[in-house]
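One structure is given below, encoded as structure tokens.
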Amino acid sequence: MEFRQSTKLTGVCYEIRGPVVEQANALEAAGHSILRLNIGNPAPFGFAAPDAVVADLIARLPQAHGYTDARGISSARQALAKHYADRGIQGLDERSVYLGNGVSELAGMAIQALVDTGDEVLIPSPDYPLWTAVTRFAGGVPVHYRCDEAAGWQPDLDDIAAKITSRTKAIVVINPNNPTGAVYSPDVLRQIAELARRHELMVFSDEIYERIVYDGAKHHHFAALAPDLVCLTFGGLSKSHRIAGFRAGWLIVSGPRAAAASYLEGLTMLAGMRLCPNALAQHVIEAALTDDTIDDLVRPGGRLETQRTTAWQTLNELPGVSCVKPLGGLYAFPRIDPEVHRIKDDERFVLDLLLREKIHIVQGTGFNWPDPDHVRIVTLPEAGDLEVAIRRIGRFLDSYEQ
Ligand code: PLP
């Protein structure tokens, strides 16, 4: 007897938790200590959840035993509507907000509700690969638009324009960006909005790192700049509040509701099929919105800022390695010059690095980047540990051959 996976899964992949993770787990089980620079999970690196959020969680535990409204509890949805209205997104009320088990669940639902077989979704390259995976799983076609490393990883607007076809339904924007750390200017966002307007595209704006910005970079909500477009803004508490395990995320629908009525009916049905997101995590959202402990971590000299700077500087000191300075997020996405280090298979490279150095990073092609010349490194460890790890990666690279 054999049970084969469905053909729906053909081409669906998510390398951040891909096959190399199994190897890392096996090494750990065999007694090795693995430095996990593969996933943006703050808690294991000593980032505590804000005290106020934990206290609120404990206080609300007795009220959080039952299923909730499928879209989430009213108080949290109202608080989020107000939070984003205060930040310039127009026309919001409780109906505009859907809570989810992290952005991960909501991204899948949002794409499933829109995409028919063969419909195209514009997704950045490199991307956070969830967006490509959920599009393929929905039967859609991910069409990757280039982000330009030489321009600080800004989206290439001409490439976006050239890739729009009669089948294009939506565009995904990730800002601040994972994996590149780019933060987009209002001008770039307005130009993307203009393309979406002209071609009647829905906009999915993944802004989970909105509060993790450095060097005075300012994050702008796409939806605030384009009130006339149907835009879904995604956010959550996993990163800024260091509670990735709670699974607290949301999506905010803005723009002309009438144009999205059928879509929202579908989205609401999908929300109902999962009954509701984790109730306890929903209850902490309200308190979390007024918590600003993240600001201390990202200000100059703050822990996240210091680690980001250390990673970026150390990477740029390695021969044949260059890295654009990340202005947001929790990652560095360095280029490994193919003229200096001849890596033909970057998945093989990260596996070899894991086996030899016990450091786990993710290959650039795992982010739908076309060439085997980048890797993504999480900047969550303390600066000293990061520096040591990056220098070890450098030494490994120097003697590496494929
Ligand atoms: N979007 C981006 C850009 C991410 O980097 C992540 C996690 O790394 C997510 C969404 C998913 O976050 P969560 O499901 O924890 O809300």
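Residues are referred to by chain and number: the chain letter is A, B, ... according to the order shown in the structure tokens, the number counts from 1 in that chain, and ligands are numbered separately from 1 in the order shown.
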Contacts of segment 57-157 of chain A with segment 267-277 of chain A up to 12 Å, shortest pair per row, only C-alpha atoms, as JSON lines:
```
{"residue": "A:Ala64", "atom": "CA", "partner": "A:Pro277", "partner_atom": "CA", "distance": 11.4}
{"residue": "A:His65", "atom": "CA", "partner": "A:Cys276", "partner_atom": "CA", "distance": 12.0}
{"residue": "A:Gly66", "atom": "CA", "partner": "A:Cys276", "partner_atom": "CA", "distance": 9.7}
{"residue": "A:Tyr67", "atom": "CA", "partner": "A:Cys276", "partner_atom": "CA", "distance": 6.2}
{"residue": "A:Thr68", "atom": "CA", "partner": "A:Cys276", "partner_atom": "CA", "distance": 5.9}
{"residue": "A:Asp69", "atom": "CA", "partner": "A:Cys276", "partner_atom": "CA", "distance": 6.4}
{"residue": "A:Ala70", "atom": "CA", "partner": "A:Cys276", "partner_atom": "CA", "distance": 4.3}
{"residue": "A:Arg71", "atom": "CA", "partner": "A:Ala271", "partner_atom": "CA", "distance": 6.0}
{"residue": "A:Gly72", "atom": "CA", "partner": "A:Cys276", "partner_atom": "CA", "distance": 6.5}
{"residue": "A:Ile73", "atom": "CA", "partner": "A:Cys276", "partner_atom": "CA", "distance": 9.2}
{"residue": "A:Arg95", "atom": "CA", "partner": "A:Thr268", "partner_atom": "CA", "distance": 10.1}
{"residue": "A:Ser96", "atom": "CA", "partner": "A:Thr268", "partner_atom": "CA", "distance": 10.9}
{"residue": "A:Val97", "atom": "CA", "partner": "A:Thr268", "partner_atom": "CA", "distance": 10.5}
{"residue": "A:Tyr98", "atom": "CA", "partner": "A:Ala271", "partner_atom": "CA", "distance": 8.0}
{"residue": "A:Leu99", "atom": "CA", "partner": "A:Pro277", "partner_atom": "CA", "distance": 6.7}
{"residue": "A:Gly100", "atom": "CA", "partner": "A:Pro277", "partner_atom": "CA", "distance": 5.1}
{"residue": "A:Asn101", "atom": "CA", "partner": "A:Pro277", "partner_atom": "CA", "distance": 5.2}
{"residue": "A:Gly102", "atom": "CA", "partner": "A:Pro277", "partner_atom": "CA", "distance": 8.7}
{"residue": "A:Val103", "atom": "CA", "partner": "A:Pro277", "partner_atom": "CA", "distance": 11.2}
{"residue": "A:Ser104", "atom": "CA", "partner": "A:Pro277", "partner_atom": "CA", "distance": 11.8}
{"residue": "A:Glu105", "atom": "CA", "partner": "A:Pro277", "partner_atom": "CA", "distance": 9.2}
{"residue": "A:Leu106", "atom": "CA", "partner": "A:Ala271", "partner_atom": "CA", "distance": 8.7}
{"residue": "A:Ala107", "atom": "CA", "partner": "A:Leu267", "partner_atom": "CA", "distance": 11.0}
{"residue": "A:Gly108", "atom": "CA", "partner": "A:Leu270", "partner_atom": "CA", "distance": 9.9}
{"residue": "A:Met109", "atom": "CA", "partner": "A:Leu270", "partner_atom": "CA", "distance": 6.5}
{"residue": "A:Ala110", "atom": "CA", "partner": "A:Leu267", "partner_atom": "CA", "distance": 6.6}
{"residue": "A:Ile111", "atom": "CA", "partner": "A:Leu267", "partner_atom": "CA", "distance": 9.2}
{"residue": "A:Gln112", "atom": "CA", "partner": "A:Leu267", "partner_atom": "CA", "distance": 8.3}
{"residue": "A:Ala113", "atom": "CA", "partner": "A:Leu267", "partner_atom": "CA", "distance": 5.5}
{"residue": "A:Leu114", "atom": "CA", "partner": "A:Leu267", "partner_atom": "CA", "distance": 8.5}
{"residue": "A:Val115", "atom": "CA", "partner": "A:Leu267", "partner_atom": "CA", "distance": 11.7}
```
Pull the closest atom pair for each residue of chain A that gets at most 6 Å from ligand 1, along with the distance in Å to one decimal, counting only C-alpha atoms and all ligand atoms, ordering rows by chain and then ascending residue number, as a Markdown table.
```
| residue | atom | partner | partner_atom_place_in_ligand_line | distance |
| --- | --- | --- | --- | --- |
| A:Gly40 | CA | ligand 1 | 8 (O) | 5.4 |
| A:Gly102 | CA | ligand 1 | 16 (O) | 3.3 |
| A:Val103 | CA | ligand 1 | 16 (O) | 3.7 |
| A:Ser104 | CA | ligand 1 | 14 (O) | 3.7 |
| A:Tyr128 | CA | ligand 1 | 3 (C) | 5.3 |
| A:Asn178 | CA | ligand 1 | 3 (C) | 5.1 |
| A:Asp206 | CA | ligand 1 | 1 (N) | 5.8 |
| A:Ile208 | CA | ligand 1 | 1 (N) | 5.7 |
| A:Gly236 | CA | ligand 1 | 16 (O) | 5.3 |
| A:Ser238 | CA | ligand 1 | 15 (O) | 4.8 |
| A:Ala244 | CA | ligand 1 | 15 (O) | 5.1 |
| A:Arg247 | CA | ligand 1 | 15 (O) | 5.9 |
| A:Gly249 | CA | ligand 1 | 16 (O) | 5.1 |
```
Using N, CA, C and O atoms, can you export the residues from the last selection as a compact mmCIF listing (two decimals), in the first residue's frame?
```txt
# COMPACT_ATOMS: atom_id res chain seq x y z
N GLY A 40 13.28 33.33 11.98
CA GLY A 40 13.13 34.57 12.74
C GLY A 40 12.25 34.38 13.97
O GLY A 40 11.14 34.91 14.04
N GLY A 102 -1.42 33.75 13.32
CA GLY A 102 -0.26 34.31 12.63
C GLY A 102 -0.64 34.77 11.23
O GLY A 102 -1.71 34.44 10.70
N VAL A 103 0.27 35.57 10.66
CA VAL A 103 0.09 35.99 9.26
C VAL A 103 0.09 34.75 8.37
O VAL A 103 -0.58 34.72 7.33
N SER A 104 0.81 33.73 8.78
CA SER A 104 0.93 32.52 7.94
C SER A 104 -0.43 31.97 7.56
O SER A 104 -0.70 31.68 6.38
N TYR A 128 9.55 36.38 0.94
CA TYR A 128 9.30 35.48 2.05
C TYR A 128 8.50 34.33 1.43
O TYR A 128 7.39 34.56 0.93
N ASN A 178 11.48 40.92 4.19
CA ASN A 178 12.19 39.68 4.51
C ASN A 178 12.38 38.98 3.18
O ASN A 178 11.37 38.76 2.49
N ASP A 206 2.35 42.83 3.18
CA ASP A 206 2.82 42.11 4.38
C ASP A 206 3.73 43.05 5.16
O ASP A 206 4.85 43.34 4.75
N ILE A 208 4.52 42.76 8.57
CA ILE A 208 4.74 42.18 9.91
C ILE A 208 5.95 42.82 10.61
O ILE A 208 6.00 42.84 11.84
N GLY A 236 1.15 41.45 12.88
CA GLY A 236 1.02 40.50 13.99
C GLY A 236 2.04 40.74 15.07
O GLY A 236 2.86 41.67 14.98
N SER A 238 4.23 38.33 16.31
CA SER A 238 5.32 37.34 16.38
C SER A 238 6.69 37.98 16.54
O SER A 238 7.53 37.48 17.29
N ALA A 244 6.21 34.74 18.86
CA ALA A 244 5.89 33.99 17.64
C ALA A 244 5.07 32.73 17.94
O ALA A 244 4.23 32.32 17.13
N ARG A 247 0.99 32.72 18.07
CA ARG A 247 0.27 32.74 16.80
C ARG A 247 -0.80 33.84 16.78
O ARG A 247 -2.01 33.55 16.69
N GLY A 249 -1.93 37.06 14.74
CA GLY A 249 -1.76 37.89 13.54
C GLY A 249 -3.10 38.44 13.09
O GLY A 249 -4.16 38.05 13.62
```
Problem set entry | Distance of atom CA of Ala170 of chain A from atom CA of Gln78 of chain A, expressed in Å to one decimal place |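 Straight-line distance from atom CA of Gln78 of chain A to atom CA of Ala170 of chain A works out to 26.9 Å.
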For this session: Name the closest residue to Pro227 of chain A among the candidates A:Thr180, A:Pro19, A:Trp250, A:Gly91; distances are taken between atoms, counting only C-alpha atoms.
Result: A:Gly91
Sort by chain and increasing residue number a table of all residues of segment 23-61 of chain A within 12 Å of segment 301-310 of chain A, each with its closest pair of atoms and their distance in Å to one decimal, counting only C-alpha atoms, and write it as JSON lines.
```
{"residue": "A:Pro42", "atom": "CA", "partner": "A:Leu304", "partner_atom": "CA", "distance": 10.2}
{"residue": "A:Phe45", "atom": "CA", "partner": "A:Leu304", "partner_atom": "CA", "distance": 11.1}
{"residue": "A:Gly46", "atom": "CA", "partner": "A:Arg303", "partner_atom": "CA", "distance": 10.9}
{"residue": "A:Phe47", "atom": "CA", "partner": "A:Arg303", "partner_atom": "CA", "distance": 9.6}
```
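Taking only C-alpha atoms into account, Glu382 of chain A lies nearest to A:Leu35 out of the set A:Arg167, A:Tyr184, A:Val143, A:Leu35.
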Exercise. If you measure from atom CA of Arg356 of chain A to atom CA of Val378 of chain A, what distance in Å do you get, rounded to one decimal?
Worked result: 18.9 Å
For this session: Please run DSSP on the backbone and report, as JSON, numbers by chain, all residues within segment 114-318 of chain A that come out as strand (DSSP E).
Result: {"A": [120, 121, 122, 123, 124, 125, 141, 142, 143, 144, 145, 146, 147, 148, 154, 155, 168, 169, 170, 171, 172, 173, 174, 202, 203, 204, 205, 206, 231, 232, 233, 234, 235, 236, 248, 249, 250, 251, 252, 253, 254]}
For this session: Calculate how many Å separate atom CA of Leu297 of chain A from atom CA of Lys239 of chain A, rounding to one decimal.
Result: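 For atom CA of Leu297 of chain A relative to atom CA of Lys239 of chain A, the distance reads 11.6 Å.
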For this session: Just the residues within 12 Å of Ile377 of chain A, please, counting only C-alpha atoms, with nothing from its chain fewer than 3 positions along; format it as a ChimeraX atom specification.
Result: /A:16,35-40,178-181,307-308,311-312,315,323,326,329-335,350,359-364,374,380-381,386-387,389-390,393
Problem set entry | Shell of 12 Å around Asp187 of chain A, only C-alpha atoms, local chain residues under 2 positions omitted, as a PyMOL selection string | chain A and resi 154-155+157+183-185+189-194+220+222+225-226
